[in-house]
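K.L.:
Contents of final_29.pdb (PDB, C-alpha atoms, pLDDT in the B column):
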ATOM      1  CA  MET D   1       1.472  36.854  -9.633  1.00 48.00           C
ATOM      2  CA  GLU D   2      -2.221  36.055  -9.498  1.00 48.00           C
ATOM      3  CA  LYS D   3      -1.831  33.404 -12.211  1.00 51.00           C
ATOM      4  CA  VAL D   4       0.856  31.624 -10.201  1.00 48.00           C
ATOM      5  CA  GLU D   5      -1.345  31.492  -7.095  1.00 47.00           C
ATOM      6  CA  HIS D   6      -4.281  30.191  -9.144  1.00 46.00           C
ATOM      7  CA  LYS D   7      -2.092  27.516 -10.702  1.00 47.00           C
ATOM      8  CA  GLU D   8      -0.786  26.526  -7.253  1.00 47.00           C
ATOM      9  CA  ARG D   9      -4.317  26.194  -5.859  1.00 49.00           C
ATOM     10  CA  SER D  10      -5.379  24.240  -8.911  1.00 54.00           C
ATOM     11  CA  SER D  11      -2.433  21.907  -8.467  1.00 71.00           C
ATOM     12  CA  LEU D  12      -3.239  21.426  -4.778  1.00 73.00           C
ATOM     13  CA  GLY D  13      -6.913  20.859  -5.575  1.00 75.00           C
ATOM     14  CA  SER D  14      -5.934  18.380  -8.265  1.00 72.00           C
ATOM     15  CA  PHE D  15      -3.728  16.519  -5.782  1.00 72.00           C
ATOM     16  CA  PHE D  16      -6.552  16.239  -3.234  1.00 80.00           C
ATOM     17  CA  LEU D  17      -9.001  15.116  -5.908  1.00 80.00           C
ATOM     18  CA  ARG D  18      -6.556  12.431  -7.039  1.00 77.00           C
ATOM     19  CA  LEU D  19      -6.044  11.404  -3.422  1.00 82.00           C
ATOM     20  CA  VAL D  20      -9.790  11.021  -2.798  1.00 86.00           C
ATOM     21  CA  VAL D  21     -10.226   9.107  -6.059  1.00 84.00           C
ATOM     22  CA  GLY D  22      -7.239   6.945  -5.112  1.00 84.00           C
ATOM     23  CA  ILE D  23      -8.731   6.153  -1.699  1.00 90.00           C
ATOM     24  CA  VAL D  24     -12.076   5.185  -3.237  1.00 89.00           C
ATOM     25  CA  VAL D  25     -10.512   3.085  -6.008  1.00 85.00           C
ATOM     26  CA  LEU D  26      -8.113   1.354  -3.588  1.00 89.00           C
ATOM     27  CA  GLY D  27     -10.937   0.599  -1.135  1.00 91.00           C
ATOM     28  CA  ILE D  28     -13.133  -0.896  -3.866  1.00 89.00           C
ATOM     29  CA  THR D  29     -10.177  -2.863  -5.223  1.00 88.00           C
ATOM     30  CA  ALA D  30      -9.307  -4.330  -1.802  1.00 91.00           C
ATOM     31  CA  PHE D  31     -12.957  -5.232  -1.217  1.00 91.00           C
ATOM     32  CA  LEU D  32     -13.240  -7.067  -4.555  1.00 88.00           C
ATOM     33  CA  THR D  33      -9.823  -8.766  -4.560  1.00 88.00           C
ATOM     34  CA  PRO D  34      -9.172 -12.091  -2.837  1.00 90.00           C
ATOM     35  CA  GLY D  35      -5.869 -12.039  -0.972  1.00 90.00           C
ATOM     36  CA  PHE D  36      -5.979  -8.260  -0.452  1.00 93.00           C
ATOM     37  CA  VAL D  37      -6.850  -6.864   2.993  1.00 94.00           C
ATOM     38  CA  ILE D  38      -6.708  -3.320   4.343  1.00 95.00           C
ATOM     39  CA  SER D  39      -7.479  -3.404   8.053  1.00 95.00           C
ATOM     40  CA  SER D  40      -8.338   0.234   8.856  1.00 95.00           C
ATOM     41  CA  TRP D  41      -9.244   3.618   7.433  1.00 95.00           C
ATOM     42  CA  PHE D  42      -5.818   4.909   8.418  1.00 96.00           C
ATOM     43  CA  SER D  43      -4.120   2.104   6.468  1.00 96.00           C
ATOM     44  CA  LEU D  44      -6.359   2.792   3.463  1.00 95.00           C
ATOM     45  CA  ILE D  45      -5.550   6.510   3.419  1.00 95.00           C
ATOM     46  CA  LEU D  46      -1.834   5.940   4.020  1.00 96.00           C
ATOM     47  CA  ALA D  47      -1.717   3.250   1.315  1.00 95.00           C
ATOM     48  CA  ALA D  48      -3.387   5.596  -1.190  1.00 92.00           C
ATOM     49  CA  VAL D  49      -0.797   8.286  -0.403  1.00 92.00           C
ATOM     50  CA  VAL D  50       2.088   5.805  -0.689  1.00 93.00           C
ATOM     51  CA  LEU D  51       0.691   4.427  -3.975  1.00 88.00           C
ATOM     52  CA  ALA D  52       0.466   7.949  -5.383  1.00 84.00           C
ATOM     53  CA  LEU D  53       4.011   8.779  -4.254  1.00 86.00           C
ATOM     54  CA  LEU D  54       5.469   5.549  -5.655  1.00 86.00           C
ATOM     55  CA  ASP D  55       3.624   6.097  -8.942  1.00 79.00           C
ATOM     56  CA  TRP D  56       4.965   9.657  -9.127  1.00 78.00           C
ATOM     57  CA  LEU D  57       8.503   8.514  -8.280  1.00 84.00           C
ATOM     58  CA  VAL D  58       8.509   5.713 -10.868  1.00 79.00           C
ATOM     59  CA  ASN D  59       7.082   8.078 -13.480  1.00 75.00           C
ATOM     60  CA  LYS D  60       9.792  10.684 -12.767  1.00 80.00           C
ATOM     61  CA  ILE D  61      12.626   8.137 -12.840  1.00 83.00           C
ATOM     62  CA  SER D  62      11.556   5.902 -15.713  1.00 75.00           C
ATOM     63  CA  GLY D  63       8.943   7.924 -17.561  1.00 70.00           C
ATOM     64  CA  ILE D  64       6.559   4.956 -17.408  1.00 64.00           C
ATOM     65  CA  ASN D  65       3.004   5.622 -16.273  1.00 60.00           C
ATOM     66  CA  ALA D  66       2.110   2.923 -13.743  1.00 59.00           C
ATOM     67  CA  ALA D  67      -1.622   3.052 -14.472  1.00 60.00           C
ATOM     68  CA  PRO D  68      -2.678  -0.566 -15.088  1.00 57.00           C
ATOM     69  CA  PHE D  69      -4.129   0.228 -18.511  1.00 56.00           C
ATOM     70  CA  GLY D  70      -2.082   3.374 -19.089  1.00 56.00           C
ATOM     71  CA  ARG D  71       0.917   1.832 -20.825  1.00 60.00           C
ATOM     72  CA  GLY D  72      -0.085  -1.679 -21.780  1.00 69.00           C
ATOM     73  CA  ILE D  73       1.692  -4.632 -20.203  1.00 77.00           C
ATOM     74  CA  SER D  74       4.506  -2.544 -18.704  1.00 76.00           C
ATOM     75  CA  GLY D  75       2.012  -0.289 -16.895  1.00 76.00           C
ATOM     76  CA  PHE D  76       0.060  -3.330 -15.700  1.00 82.00           C
ATOM     77  CA  VAL D  77       3.171  -5.124 -14.368  1.00 85.00           C
ATOM     78  CA  LEU D  78       4.440  -1.937 -12.743  1.00 85.00           C
ATOM     79  CA  ALA D  79       1.041  -1.330 -11.088  1.00 85.00           C
ATOM     80  CA  ALA D  80       1.049  -4.892  -9.679  1.00 91.00           C
ATOM     81  CA  ILE D  81       4.596  -4.417  -8.333  1.00 92.00           C
ATOM     82  CA  ILE D  82       3.697  -1.084  -6.717  1.00 90.00           C
ATOM     83  CA  ILE D  83       0.498  -2.513  -5.183  1.00 91.00           C
ATOM     84  CA  TYR D  84       2.548  -5.392  -3.765  1.00 95.00           C
ATOM     85  CA  ALA D  85       5.442  -3.190  -2.553  1.00 94.00           C
ATOM     86  CA  VAL D  86       3.128  -1.014  -0.461  1.00 94.00           C
ATOM     87  CA  LYS D  87       2.611  -3.982   1.888  1.00 95.00           C
ATOM     88  CA  PHE D  88       6.178  -3.497   3.138  1.00 96.00           C
ATOM     89  CA  ILE D  89       5.580   0.192   3.910  1.00 95.00           C
ATOM     90  CA  VAL D  90       2.029   0.477   5.268  1.00 96.00           C
ATOM     91  CA  PRO D  91       0.947  -1.374   8.424  1.00 95.00           C
ATOM     92  CA  GLY D  92      -2.478  -3.011   8.116  1.00 95.00           C
ATOM     93  CA  TYR D  93      -2.125  -3.421   4.337  1.00 95.00           C
ATOM     94  CA  ASN D  94      -1.609  -6.998   3.204  1.00 95.00           C
ATOM     95  CA  VAL D  95      -1.695  -8.432  -0.293  1.00 95.00           C
ATOM     96  CA  THR D  96      -0.390 -11.646  -1.841  1.00 95.00           C
ATOM     97  CA  ILE D  97       1.449 -11.697  -5.162  1.00 95.00           C
ATOM     98  CA  LEU D  98      -1.583 -13.181  -6.910  1.00 94.00           C
ATOM     99  CA  GLY D  99      -3.766 -10.647  -5.083  1.00 93.00           C
ATOM    100  CA  ALA D 100      -1.574  -7.808  -6.411  1.00 93.00           C
ATOM    101  CA  ILE D 101      -1.922  -9.097  -9.967  1.00 92.00           C
ATOM    102  CA  ILE D 102      -5.706  -9.389  -9.647  1.00 91.00           C
ATOM    103  CA  ALA D 103      -5.807  -6.010  -7.878  1.00 89.00           C
ATOM    104  CA  ALA D 104      -3.953  -4.366 -10.774  1.00 88.00           C
ATOM    105  CA  VAL D 105      -6.690  -5.542 -13.148  1.00 86.00           C
ATOM    106  CA  ILE D 106      -9.528  -4.480 -10.828  1.00 84.00           C
ATOM    107  CA  TYR D 107      -7.771  -1.194 -10.017  1.00 80.00           C
ATOM    108  CA  GLY D 108      -7.489  -0.434 -13.729  1.00 77.00           C
ATOM    109  CA  VAL D 109     -11.160  -1.220 -14.385  1.00 79.00           C
ATOM    110  CA  VAL D 110     -12.445   0.761 -11.390  1.00 76.00           C
ATOM    111  CA  ASP D 111     -10.073   3.642 -12.196  1.00 72.00           C
ATOM    112  CA  ALA D 112     -11.453   3.710 -15.757  1.00 73.00           C
ATOM    113  CA  ILE D 113     -15.048   3.874 -14.463  1.00 77.00           C
ATOM    114  CA  ILE D 114     -14.560   6.530 -11.748  1.00 70.00           C
ATOM    115  CA  PRO D 115     -13.720   9.984 -13.127  1.00 61.00           C
ATOM    116  CA  GLY D 116     -10.271  11.298 -12.194  1.00 55.00           C
ATOM    117  CA  ARG D 117      -6.905   9.604 -12.186  1.00 55.00           C
ATOM    118  CA  ALA D 118      -6.118   7.473  -9.143  1.00 54.00           C
ATOM    119  CA  MET D 119      -2.692   6.137  -9.988  1.00 54.00           C
TER     120      MET D 119
END
Kindly transcribe the structure held in the file into structure tokens.

P.N.:
Amino acid sequence: MEKVEHKERSSLGSFFLRLVVGIVVLGITAFLTPGFVISSWFSLILAAVVLALLDWLVNKISGINAAPFGRGISGFVLAAIIIYAVKFIVPGYNVTILGAIIAAVIYGVVDAIIPGRAM
């Protein structure tokens, strides 16, 4: 039983670490990307959660990792689509189509530099 509890805590800790990394990477990406605006801390945190959930959902359904550099062009395109789709879910999060494409590149670079997996 102890192993199960440890694994559960590790999984929860891993989720929170990924969430924090996702918030940092998304914030840096929005700051560096023209046509990409996140208006508040609440929107940033909510967008990071929604991005993580959409990434998880797409990965479970299709088996494709949506990390921009995780699966070549398909991962890059999927990351841009997910970044763009979040604008319809999260208030205070706005990105243009071109901004989402640029953001997918920046997100991939920043995610590669910062330890942990954001998307």

K.L.:
Please evaluate the PyMOL selection byres ((chain D and resi 107) around 9) against the structure above and give the resulting residues as a list of chain:residue names.

P.N.:
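The output of the PyMOL selection byres ((chain D and resi 107) around 9) on this file is D:Val25, D:Leu26, D:Ile28, D:Thr29, D:Ala30, D:Ala67, D:Pro68, D:Ala79, D:Ile102, D:Ala103, D:Ala104, D:Val105, D:Ile106, D:Gly108, D:Val109, D:Val110, D:Asp111, D:Ala112, D:Ala118, D:Met119.
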
K.L.:
Quick one: residues within 7 Å of Val37 (chain D), all atoms listed in the file counted, chain neighbours fewer than 3 positions away excluded, as a list of chain:residue names?

P.N.:
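The contact residues come out as D:Ala30, D:Tyr93, D:Asn94, D:Val95.
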
K.L.:
Please list as a list of chain:residue names every residue within 12 Å of Phe42 (chain D), counting all atoms listed in the file and excluding residues in the same chain fewer than 6 positions away.

P.N.:
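Close residues of Phe42 (chain D): D:Ile23, D:Gly27, D:Ala48, D:Val49, D:Val90, D:Pro91, D:Gly92, D:Tyr93.
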
K.L.:
Distance CA of Leu57 (chain D)-CA of Ser39 (chain D), one decimal place?

P.N.:
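Distance between the two atoms: 25.8 Å.
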
K.L.:
Rank D:Ala85, D:Leu98, D:Ile73, D:Ser11 by their smallest atom-to-atom distance to Asp55 (chain D), using all atoms listed in the file, and report the top residue only.

P.N.:
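Closest residue, counting all atoms listed in the file: D:Ala85.
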
K.L.:
Identify which of the residues D:Ile83, D:Leu32, D:Ile61, D:Leu19 lies closest to Ile45 (chain D), counting only C-alpha atoms when measuring atom-to-atom distances.

P.N.:
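Comparing D:Ile83, D:Leu32, D:Ile61, D:Leu19 against Ile45 (chain D), the winner is D:Leu19.
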
K.L.:
Calculate how many Å separate CA of Asn59 (chain D) from CA of Phe31 (chain D), rounding to one decimal.

P.N.:
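The value is 27.0 Å.
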
K.L.:
How many Å separate CA of Phe15 (chain D) from CA of Phe36 (chain D)?

P.N.:
25.4 Å

K.L.:
Considering only C-alpha atoms, return as a list in words whatever protein or nucleic-acid residues lie within 10 Å of Ile82 (chain D), sequence-local ones (same chain, fewer than 5 positions apart) excluded.

P.N.:
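What passes the distance filter is Val50, Leu51, Ala52, Leu54, Asp55, Val58, Ala66, Phe76, Val77, Lys87, Ala100 and Ala104 of chain D.
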
K.L.:
Build an axis-aligned box that encloses every atom of region 95-113 of chain D listed in the file, pad it by 5 Å on each side, and report its centre and edge lengths in Å to one decimal, as AutoDock Vina command-line options.

P.N.:
--center_x -6.8 --center_y -4.7 --center_z -8.0 --size_x 26.5 --size_y 27.1 --size_z 25.5
